[in-house]
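Participant: Structure: entry_31.cif, mmCIF, C-alpha atoms and all ligand atoms.
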```
data_run
#
loop_
_atom_site.label_atom_id
_atom_site.label_comp_id
_atom_site.auth_asym_id
_atom_site.auth_seq_id
_atom_site.Cartn_x
_atom_site.Cartn_y
_atom_site.Cartn_z
CA MET A 259 190.64 133.64 146.68
CA GLU A 260 190.93 130.00 147.65
CA THR A 261 193.83 127.81 146.63
CA THR A 262 194.58 124.17 147.39
CA MET A 263 198.12 123.34 148.48
CA VAL A 264 200.08 120.58 150.19
CA GLY A 265 201.81 121.41 153.45
CA THR A 266 203.15 119.81 156.62
CA VAL A 267 201.43 119.83 160.01
CA VAL A 268 204.02 121.26 162.40
CA ARG A 269 201.97 121.86 165.54
CA ILE A 270 198.53 121.08 166.92
CA LYS A 271 196.92 123.22 169.57
CA GLY A 272 193.40 122.33 170.57
CA ARG A 273 191.41 122.34 167.36
CA ASP A 274 193.96 124.33 165.44
CA TYR A 275 196.37 122.67 163.07
CA PHE A 276 199.36 124.74 162.05
CA VAL A 277 200.43 123.85 158.55
CA ALA A 278 203.72 124.96 157.05
CA LEU A 279 203.75 125.77 153.36
CA GLY A 280 207.23 126.82 152.39
CA GLU A 281 208.19 129.74 154.58
CA LYS A 282 204.62 130.42 155.62
CA GLU A 283 202.52 128.86 158.31
CA TYR A 284 198.73 128.79 158.32
CA ARG A 285 196.30 128.11 161.10
CA CYS A 286 193.91 125.48 159.79
CA THR A 287 190.89 123.51 160.90
CA ILE A 288 189.49 120.14 159.91
CA ARG A 289 185.90 119.63 159.09
CA GLY A 290 183.77 116.54 158.98
CA LYS A 291 185.29 113.12 158.96
CA PHE A 292 187.87 111.93 156.58
CA ARG A 293 189.93 108.80 156.46
CA ILE A 294 193.61 108.57 155.84
CA LYS A 295 194.22 106.38 152.86
CA GLY A 296 196.29 103.32 153.59
CA VAL A 297 196.27 103.85 157.34
CA VAL A 298 193.88 102.01 159.60
CA GLU A 299 194.38 103.95 162.74
CA GLY A 300 193.57 107.52 163.60
CA SER A 301 191.47 109.44 161.20
CA ILE A 302 192.76 112.79 162.30
CA PRO A 303 196.03 114.42 161.29
CA VAL A 304 199.15 114.24 163.44
CA VAL A 305 202.32 116.33 163.43
CA GLY A 306 204.40 115.49 160.39
CA ASP A 307 201.44 114.65 158.16
CA ARG A 308 201.46 115.96 154.63
CA VAL A 309 198.04 117.48 154.15
CA GLU A 310 196.02 119.11 151.41
CA VAL A 311 194.71 122.44 152.55
CA ARG A 312 192.39 125.01 151.09
CA VAL A 313 193.75 128.40 152.05
CA ASP A 314 191.87 131.64 151.89
CA GLU A 315 194.20 134.50 152.72
CA SER A 316 191.43 137.05 152.41
CA LEU A 317 190.02 135.78 155.73
CA PRO A 318 191.03 137.84 158.76
CA SER A 319 194.36 136.62 160.14
CA ASN A 320 192.92 136.09 163.63
CA GLU A 321 190.75 133.32 162.19
CA PRO A 322 191.85 130.01 160.72
CA GLN A 323 192.64 130.68 157.08
CA GLY A 324 192.94 127.08 156.01
CA LEU A 325 190.86 123.95 155.88
CA ILE A 326 192.52 120.54 155.81
CA THR A 327 190.73 118.45 153.23
CA ASN A 328 192.94 115.39 152.93
CA VAL A 329 195.87 113.62 154.60
CA LEU A 330 198.41 112.00 152.31
CA PRO A 331 199.60 108.45 153.10
CA ARG A 332 202.15 108.24 155.91
CA LYS A 333 205.54 106.77 155.22
CA SER A 334 206.36 106.14 158.87
CA VAL A 335 204.85 106.72 162.27
CA PHE A 336 206.19 107.51 165.70
CA ARG A 337 204.23 106.09 168.63
CA ARG A 338 204.00 106.35 172.35
CA VAL A 339 201.98 104.59 175.00
CA ASP A 340 198.41 105.83 175.07
CA PRO A 341 198.13 107.44 178.52
CA SER A 342 194.45 106.51 178.76
CA ASN A 343 195.00 102.86 177.87
CA ARG A 344 198.47 101.50 178.51
CA GLN A 345 197.81 98.42 176.42
CA ARG A 346 197.66 100.58 173.35
CA SER A 347 199.90 102.98 171.55
CA ARG A 348 199.04 106.25 169.95
CA VAL A 349 200.55 107.79 166.86
CA ILE A 350 202.01 111.15 167.75
CA ALA A 351 203.94 111.96 164.61
CA SER A 352 204.39 110.75 161.07
CA ASN A 353 206.82 110.88 158.16
CA ILE A 354 209.87 111.01 160.39
CA ASP A 355 213.02 110.56 158.31
CA GLU A 356 215.41 110.15 161.15
CA VAL A 357 215.39 109.37 164.83
CA CYS A 358 218.38 110.59 166.74
CA LEU A 359 218.91 108.52 169.86
CA VAL A 360 220.57 110.86 172.32
CA PHE A 361 222.45 109.29 175.20
CA SER A 362 225.02 110.88 177.47
CA ILE A 363 228.35 109.28 178.20
CA ARG A 364 227.83 110.22 181.87
CA GLU A 365 225.14 111.86 184.00
CA PRO A 366 223.16 109.75 183.33
CA GLU A 367 225.44 106.83 182.50
CA LEU A 368 225.09 105.37 179.01
CA ASN A 369 222.45 102.64 179.17
CA ARG A 370 223.06 100.16 176.37
CA ARG A 371 219.96 98.12 177.10
CA MET A 372 217.84 101.16 176.53
CA LEU A 373 219.82 102.10 173.44
CA ASP A 374 219.20 98.66 171.95
CA ARG A 375 215.49 98.88 172.71
CA MET A 376 215.28 102.22 170.99
CA ILE A 377 217.15 100.91 167.96
CA VAL A 378 214.61 98.09 167.67
CA ALA A 379 211.75 100.57 168.03
CA ALA A 380 213.12 102.73 165.23
CA GLU A 381 213.94 99.78 162.98
CA SER A 382 210.48 98.29 163.44
CA GLU A 383 208.90 101.53 162.27
CA GLY A 384 211.27 101.69 159.32
CA ILE A 385 212.98 104.84 160.59
CA GLU A 386 216.76 105.18 160.35
CA PRO A 387 218.29 105.62 163.80
CA VAL A 388 221.34 107.79 164.34
CA ILE A 389 223.17 107.52 167.64
CA CYS A 390 224.33 110.63 169.42
CA ILE A 391 226.62 110.30 172.40
CA ASN A 392 226.43 113.60 174.23
CA LYS A 393 228.33 115.17 177.15
CA MET A 394 231.63 114.06 175.70
CA ASP A 395 233.23 116.83 177.77
CA LEU A 396 232.53 114.60 180.79
CA ALA A 397 234.13 111.47 179.31
CA GLU A 398 236.94 110.19 181.51
CA ASN A 399 238.42 108.05 178.82
CA ARG A 400 237.49 109.05 175.35
CA ASP A 401 239.15 106.12 173.61
CA SER A 402 237.34 103.52 175.64
CA ALA A 403 234.07 105.38 175.15
CA GLU A 404 234.52 105.26 171.40
CA ARG A 405 235.69 101.66 171.46
CA ASN A 406 232.49 100.67 173.27
CA MET A 407 230.47 102.20 170.47
CA LEU A 408 232.36 100.43 167.69
CA VAL A 409 229.84 97.63 167.69
CA TYR A 410 227.19 100.11 166.56
CA SER A 411 229.22 101.83 163.88
CA SER A 412 230.29 98.46 162.51
CA LEU A 413 226.59 97.62 162.16
CA GLY A 414 226.20 100.74 160.05
CA TYR A 415 224.61 103.00 162.64
CA ARG A 416 225.96 106.47 162.30
CA THR A 417 227.38 107.52 165.64
CA ILE A 418 228.05 111.15 166.48
CA TYR A 419 229.92 112.39 169.55
CA THR A 420 228.75 115.72 170.86
CA SER A 421 229.06 118.20 173.66
CA THR A 422 226.90 121.24 174.08
CA VAL A 423 229.63 122.61 176.36
CA THR A 424 232.55 122.47 173.91
CA GLY A 425 230.45 122.51 170.74
CA GLU A 426 231.95 119.24 169.52
CA GLY A 427 229.88 117.43 166.91
CA ILE A 428 227.11 120.03 166.73
CA ASP A 429 227.77 120.86 163.06
CA GLU A 430 227.91 117.20 162.15
CA LEU A 431 224.58 116.60 163.87
CA LYS A 432 223.05 119.63 162.21
CA ASN A 433 224.27 118.57 158.78
CA ILE A 434 222.61 115.18 158.88
CA MET A 435 219.34 116.85 159.82
CA LEU A 436 219.21 119.25 156.92
CA ASN A 437 216.10 118.93 154.77
CA LYS A 438 214.74 116.07 156.83
CA ILE A 439 212.23 115.62 159.60
CA SER A 440 214.22 114.49 162.63
CA ILE A 441 213.24 113.56 166.14
CA LEU A 442 215.52 113.60 169.15
CA THR A 443 214.69 110.98 171.71
CA GLY A 444 216.53 109.27 174.53
CA PRO A 445 216.64 109.23 178.30
CA SER A 446 215.66 112.27 180.27
CA GLY A 447 218.65 114.48 181.05
CA SER A 448 220.83 113.27 178.18
CA GLY A 449 220.81 116.76 176.66
CA LYS A 450 218.21 116.70 173.90
CA SER A 451 216.84 120.16 174.57
CA SER A 452 220.35 121.56 174.94
CA LEU A 453 221.36 120.05 171.59
CA ILE A 454 218.34 121.53 169.85
CA ALA A 455 219.16 124.94 171.30
CA ARG A 456 222.69 124.62 169.87
CA ILE A 457 221.47 123.40 166.48
CA GLN A 458 218.91 126.13 166.13
CA PRO A 459 219.65 129.05 168.41
CA GLY A 460 216.55 131.00 169.29
CA LEU A 461 214.32 128.02 169.84
CA GLU A 462 212.98 128.44 173.30
CA LEU A 463 213.00 124.97 174.71
CA LYS A 464 213.50 124.74 178.39
CA VAL A 465 216.50 122.83 179.69
CA GLY A 466 215.81 120.67 182.70
CA SER A 467 218.04 120.12 185.69
CA VAL A 468 219.92 116.87 185.98
CA SER A 469 219.43 116.70 189.75
CA SER A 470 215.88 115.40 189.50
CA ARG A 471 216.16 111.65 189.59
CA THR A 472 212.70 110.53 188.66
CA GLY A 473 212.37 112.68 185.60
CA LYS A 474 208.79 113.30 186.61
CA GLY A 475 207.28 116.72 186.77
CA ARG A 476 210.23 118.47 185.23
CA HIS A 477 209.34 118.10 181.61
CA THR A 478 208.72 121.55 180.45
CA THR A 479 207.07 121.15 177.08
CA THR A 480 203.92 119.15 176.76
CA HIS A 481 203.08 119.32 173.11
CA PHE A 482 204.89 117.76 170.25
CA GLU A 483 206.09 120.24 167.70
CA LEU A 484 208.26 120.39 164.61
CA HIS A 485 210.68 123.30 164.63
CA ARG A 486 211.89 124.64 161.36
CA LEU A 487 215.62 124.76 160.84
CA ASP A 488 216.78 127.95 159.15
CA GLU A 489 218.79 125.93 156.66
CA GLY A 490 215.91 123.58 155.84
CA GLY A 491 214.27 120.68 157.59
CA TYR A 492 212.39 120.17 160.82
CA ILE A 493 213.44 118.98 164.22
CA ALA A 494 211.40 117.82 167.21
CA ASP A 495 212.13 117.14 170.83
CA THR A 496 210.30 114.37 172.68
CA PRO A 497 209.59 115.81 176.09
CA GLY A 498 207.46 113.77 178.42
CA ILE A 499 207.92 110.63 176.40
CA ARG A 500 209.65 108.44 178.89
CA GLU A 501 210.72 105.86 176.45
CA PHE A 502 210.47 105.34 172.76
CA GLY A 503 208.80 101.96 173.05
CA ILE A 504 208.47 98.84 170.98
CA TYR A 505 204.92 98.32 169.80
CA GLY A 506 203.37 95.61 167.74
CA VAL A 507 206.57 93.60 167.30
CA ALA A 508 205.97 89.86 167.45
CA LYS A 509 208.52 87.62 169.14
CA GLU A 510 209.20 85.87 165.85
CA GLU A 511 210.16 89.05 164.06
CA LEU A 512 212.41 90.58 166.71
CA SER A 513 215.59 89.12 165.22
CA ARG A 514 214.95 91.10 162.04
CA TYR A 515 215.68 94.26 163.95
CA PHE A 516 219.05 93.00 165.13
CA ARG A 517 221.07 93.56 161.98
CA GLU A 518 223.93 91.31 162.99
CA PHE A 519 221.59 88.30 163.11
CA ALA A 520 220.57 88.68 159.50
CA SER A 521 223.34 86.66 157.92
CA PHE A 522 222.58 83.68 160.18
CA GLU A 523 218.86 83.71 159.57
CA GLY A 524 217.57 80.42 158.17
CA GLN A 525 220.66 78.50 159.28
CA CYS A 526 219.28 77.27 162.60
CA ARG A 527 218.19 73.67 163.10
CA PHE A 528 214.68 74.76 164.06
CA SER A 529 212.51 77.09 162.11
CA PRO A 530 211.28 79.42 163.42
CA CYS A 531 214.06 79.74 165.99
CA THR A 532 213.95 82.35 168.77
CA HIS A 533 217.76 82.08 169.07
CA SER A 534 217.41 81.65 172.83
CA HIS A 535 217.17 78.02 174.01
CA GLU A 536 217.03 75.94 170.81
CA PRO A 537 219.84 73.48 170.05
CA GLY A 538 221.68 73.93 166.78
CA CYS A 539 221.10 77.68 166.76
CA SER A 540 223.36 79.52 164.34
CA VAL A 541 223.06 82.82 166.19
CA LYS A 542 224.23 81.26 169.45
CA LYS A 543 227.07 79.63 167.58
CA ALA A 544 228.08 83.00 166.14
CA LEU A 545 227.94 84.43 169.65
CA GLU A 546 230.31 81.75 170.90
CA GLU A 547 232.66 82.45 168.03
CA GLY A 548 232.70 86.12 168.91
CA LEU A 549 230.94 87.17 165.71
CA ILE A 550 228.03 88.66 167.65
CA ASP A 551 228.51 91.08 170.52
CA GLY A 552 227.54 89.62 173.92
CA GLU A 553 225.91 92.82 175.18
CA ARG A 554 223.76 93.06 172.09
CA TYR A 555 222.73 89.45 172.43
CA GLY A 556 221.88 90.13 176.10
CA SER A 557 219.62 92.98 174.99
CA TYR A 558 217.99 90.70 172.46
CA LEU A 559 217.10 88.17 175.16
CA ARG A 560 215.72 90.87 177.44
CA ILE A 561 213.55 92.32 174.72
CA LEU A 562 212.40 88.87 173.67
CA GLU A 563 211.19 88.23 177.22
CA SER A 564 209.36 91.51 177.34
CA LEU A 565 207.60 90.70 174.09
CA GLU A 566 206.38 87.44 175.51
CA THR A 567 204.69 89.20 178.38
CA LEU A 568 203.44 92.03 176.23
CA ARG A 569 202.04 89.79 173.59
CA SER A 570 198.63 91.38 173.74
CA TRP A 571 199.96 94.83 172.94
CA LYS A 572 198.14 96.29 170.04
CA LYS A 573 199.35 98.90 167.67
N1 LIG A 601 228.48 118.57 180.79
C1 LIG A 601 227.48 118.63 179.90
N2 LIG A 601 226.21 118.88 180.33
C2 LIG A 601 225.23 118.93 179.40
C3 LIG A 601 225.47 118.73 178.02
N3 LIG A 601 224.31 118.82 177.36
C4 LIG A 601 223.35 119.07 178.29
N4 LIG A 601 223.91 119.14 179.53
C5 LIG A 601 223.20 119.37 180.82
O1 LIG A 601 222.40 118.23 181.11
C6 LIG A 601 221.20 118.61 181.76
C7 LIG A 601 219.99 118.07 181.00
O2 LIG A 601 219.91 118.69 179.72
P1 LIG A 601 218.57 118.76 178.86
O3 LIG A 601 218.92 119.40 177.58
O4 LIG A 601 217.47 119.38 179.65
O5 LIG A 601 218.28 117.22 178.68
P2 LIG A 601 216.96 116.52 178.07
O6 LIG A 601 216.16 116.03 179.24
O7 LIG A 601 217.48 115.37 177.27
O8 LIG A 601 216.26 117.53 177.24
C8 LIG A 601 221.22 120.13 181.84
O9 LIG A 601 221.72 120.49 183.11
C9 LIG A 601 222.22 120.53 180.76
O10 LIG A 601 222.84 121.75 181.04
C10 LIG A 601 226.84 118.47 177.60
O11 LIG A 601 227.16 118.28 176.43
N5 LIG A 601 227.79 118.43 178.59
MG MG A 602 214.34 118.27 177.34
ZN ZN A 603 218.54 80.30 166.15
#
```
Represent the supplied structure as structure tokens.

Facilitator:
Amino acid sequence: METTMVGTVVRIKGRDYFVALGEKEYRCTIRGKFRIKGVVEGSIPVVGDRVEVRVDESLPSNEPQGLITNVLPRKSVFRRVDPSNRQRSRVIASNIDEVCLVFSIREPELNRRMLDRMIVAAESEGIEPVICINKMDLAENRDSAERNMLVYSSLGYRTIYTSTVTGEGIDELKNIMLNKISILTGPSGSGKSSLIARIQPGLELKVGSVSSRTGKGRHTTTHFELHRLDEGGYIADTPGIREFGIYGVAKEELSRYFREFASFEGQCRFSPCTHSHEPGCSVKKALEEGLIDGERYGSYLRILESLETLRSWKK
């Protein structure tokens, strides 16, 4: 008996697509060519896609029991650099509700430039970023650590302080992930795999050692996979993805992804204004008046420069 249902692609191995339908998971195949409506790139499903499948449970369970017949429109995509062509990006997941940017307070030291880049990347894909500051057990001065992060919480970014050693913040992190598809990303060694193991005990993700400085060759998982949370929702680690990059953002639109610039938009003498060298710039004025954080503005300038040189980057 064949039935058509809508499920979520949670894992892809070779030609097999594993599709979750409620509590069940089916091994599925795709046949022929089909196009994803409303999406120009990639005509094959990625992890996170909502797909229509025809399932035949009377087929032997060592064979694929499902056939993917259609991919529903994606509401967001998660990209990485295409390893075979560094000028391009490749979609590796879709329909992500939340990106959790995991940084450690120490070992490695919190890198705000990288945090700001990742915020822009998430914002430009329309995905809500949540900031997780891990390894709080190593913080020398908790108050100053939290004070440094105030700029982000005042911008409306939810900031969670965690430690996989003391268990601090784990429940809070878990709660915001319920019934959503969440991705953990951030620098290597910040504790992403350790956090996932605390959130969903039993998931066998390997934890790397912090002693390796390059981060190369110690990533233990190579495929991208959504793990089901017992209490509902899916979570994914991003091993081997060195940085959640900014793709397809034009110089002129960068300021949109810096929330604190929004209220000054349109008030500069020149239009468009890159808020970098132009006279009569309202953003620079706000910076001088202390209304915009200097570190954030520094990140803006850095990213702006990188966009100039990466102008030819294609989505
Ligand atoms: N002190 C401390 N160490 C942690 C914490 N979370 C993870 N670690 C350690 O940091 C290292 C890197 O962790 P891992 O989860 O592999 O990081 P990932 O590269 O982001 O997945 C490992 O040695 C972990 O044991 C934490 O909250 N506190
Ligand atoms: Mg890891
Ligand atoms: Zn300006």

Participant: Env of Tyr515 in chain A: 9 Å cut, atoms = all atoms listed in the file, seq-sep filter 4 positions within chain, self excluded. Answer as number ranges by chain.

Facilitator: A: 377-382, 511, 519-520

Participant: Residues of chain A within 7 Å of ligand ZN 603 (chain A): nearest atom pair and distance (Å, one decimal) for each, counting all atoms listed in the file, sorted by chain and number, as a Markdown table?

Facilitator:
```
| residue | atom | partner | partner_atom | distance |
| --- | --- | --- | --- | --- |
| A:Cys526 | CA | A:ZN603 | ZN | 4.7 |
| A:Cys531 | CA | A:ZN603 | ZN | 4.5 |
| A:Thr532 | CA | A:ZN603 | ZN | 5.7 |
| A:His533 | CA | A:ZN603 | ZN | 3.5 |
| A:Ser534 | CA | A:ZN603 | ZN | 6.9 |
| A:Glu536 | CA | A:ZN603 | ZN | 6.6 |
| A:Cys539 | CA | A:ZN603 | ZN | 3.7 |
| A:Ser540 | CA | A:ZN603 | ZN | 5.2 |
| A:Val541 | CA | A:ZN603 | ZN | 5.2 |
| A:Lys542 | CA | A:ZN603 | ZN | 6.6 |
```

Participant: Would you output that residue set with C-alpha atoms, as a short mmCIF file (atom, residue, chain, number, x, y, z; two decimals), keeping the file's coordinate frame?

Facilitator:
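Dumped to out28.cif:
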```
data_model
loop_
_atom_site.label_atom_id
_atom_site.label_comp_id
_atom_site.auth_asym_id
_atom_site.auth_seq_id
_atom_site.Cartn_x
_atom_site.Cartn_y
_atom_site.Cartn_z
CA CYS A 526 219.28 77.27 162.60
CA CYS A 531 214.06 79.74 165.99
CA THR A 532 213.95 82.35 168.77
CA HIS A 533 217.76 82.08 169.07
CA SER A 534 217.41 81.65 172.83
CA GLU A 536 217.03 75.94 170.81
CA CYS A 539 221.10 77.68 166.76
CA SER A 540 223.36 79.52 164.34
CA VAL A 541 223.06 82.82 166.19
CA LYS A 542 224.23 81.26 169.45
#
```

Participant: Record the distance separating CA of Gly265 in chain A and CA of Val311 in chain A, expressed in Å with one decimal.

Facilitator: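 Separating CA of Gly265 in chain A from CA of Val311 in chain A is a distance of 7.2 Å.
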
Participant: Could you jot down the CA of Ser513 in chain A to CA of Val388 in chain A separation for me, Å, one decimal place?

Facilitator: 19.6 Å

Participant: Using all atoms listed in the file, which residue out of A:Thr496, A:Ser446, A:Thr266, A:Thr422 lies closest to Phe336 in chain A?

Facilitator: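 Of A:Thr496, A:Ser446, A:Thr266, A:Thr422, the one nearest Phe336 in chain A is A:Thr496, counting all atoms listed in the file.
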
Participant: Taking all atoms listed in the file into account, name the residue in A:Val329, A:Leu279, A:Leu442, A:Leu413 that is nearest to Asp355 in chain A.

Facilitator: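 Among the listed residues, the smallest separation from Asp355 in chain A belongs to A:Leu442.
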
Participant: Using all atoms listed in the file, which residues sit within 8 Å of Arg269 in chain A once same-chain residues fewer than 4 positions away are excluded, as a list in words?

Facilitator: Tyr275, Phe276, Val277, Val305, Phe482, Glu483 and Leu484 of chain A

Participant: For C-alpha atoms, I'd like the residues from the last selection saved as a JSON list (two decimals), keeping the file's coordinate frame.

Facilitator:
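File produced: result31.json:
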```
[["chain", "number", "residue", "atom", "x", "y", "z"],
["A", 275, "TYR", "CA", 196.37, 122.67, 163.07],
["A", 276, "PHE", "CA", 199.36, 124.74, 162.05],
["A", 277, "VAL", "CA", 200.43, 123.85, 158.55],
["A", 305, "VAL", "CA", 202.32, 116.33, 163.43],
["A", 482, "PHE", "CA", 204.89, 117.76, 170.25],
["A", 483, "GLU", "CA", 206.09, 120.24, 167.70],
["A", 484, "LEU", "CA", 208.26, 120.39, 164.61]]
```

Participant: One decimal, Å: what's the distance from CA of Gly503 in chain A over to CA of Arg308 in chain A, could you say?

Facilitator: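 Atom-to-atom, CA of Gly503 in chain A to CA of Arg308 in chain A, that is 24.3 Å.
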
Participant: Could you name the residues that touch Arg273 in chain A at 9 Å or less, counting only C-alpha atoms, but leaving out those on the same chain fewer than 5 positions away, as a PyMOL selection string?

Facilitator: chain A and resi 286-288

Participant: What's the 12 Å shell around Met376 in chain A, counting all atoms listed in the file, without same-chain residues fewer than 3 positions away, as an MDAnalysis selection string?

Facilitator: chainID A and resid 336:337 357:361 369:373 379:383 385:389 442:445 500:505 515:516 557:558 561

Participant: Which of these, A:Gly460, A:Gly491, A:Gly449, A:Pro530, has the shortest distance to ligand MG 602 (chain A) once you count all atoms listed in the file?

Facilitator: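 Once distances to ligand MG 602 (chain A) are computed over all atoms listed in the file, the minimum belongs to A:Gly449.
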
Participant: My list of candidates is A:Ala455, A:Leu562, A:Ile439, A:Leu487. Which is closest to Glu356 in chain A when distances are computed with only C-alpha atoms?

Facilitator: A:Ile439

Participant: Identify, on the basis of only C-alpha atoms, every residue whose closest approach to range 425-429 of chain A does not exceed 10 Å; exclude the query and any residue fewer than 3 positions from it along the same chain; express the result as a PyMOL selection string.

Facilitator: chain A and resi 390-395+418-422+432-435+453-454+456-457

Participant: For ligand MG 602 (chain A), which residue among A:Gln525, A:Ala544, A:Arg560, A:Asp495 is the nearest when counting all atoms listed in the file?

Facilitator: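 With all atoms listed in the file as the atom set, the closest residue is A:Asp495.
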
Participant: When you count all atoms listed in the file, which of these residues is closest to His535 in chain A: A:Leu559, A:Gly490, A:Pro303, A:Glu321?

Facilitator: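 Ranking A:Leu559, A:Gly490, A:Pro303, A:Glu321 by distance to His535 in chain A, first place goes to A:Leu559.
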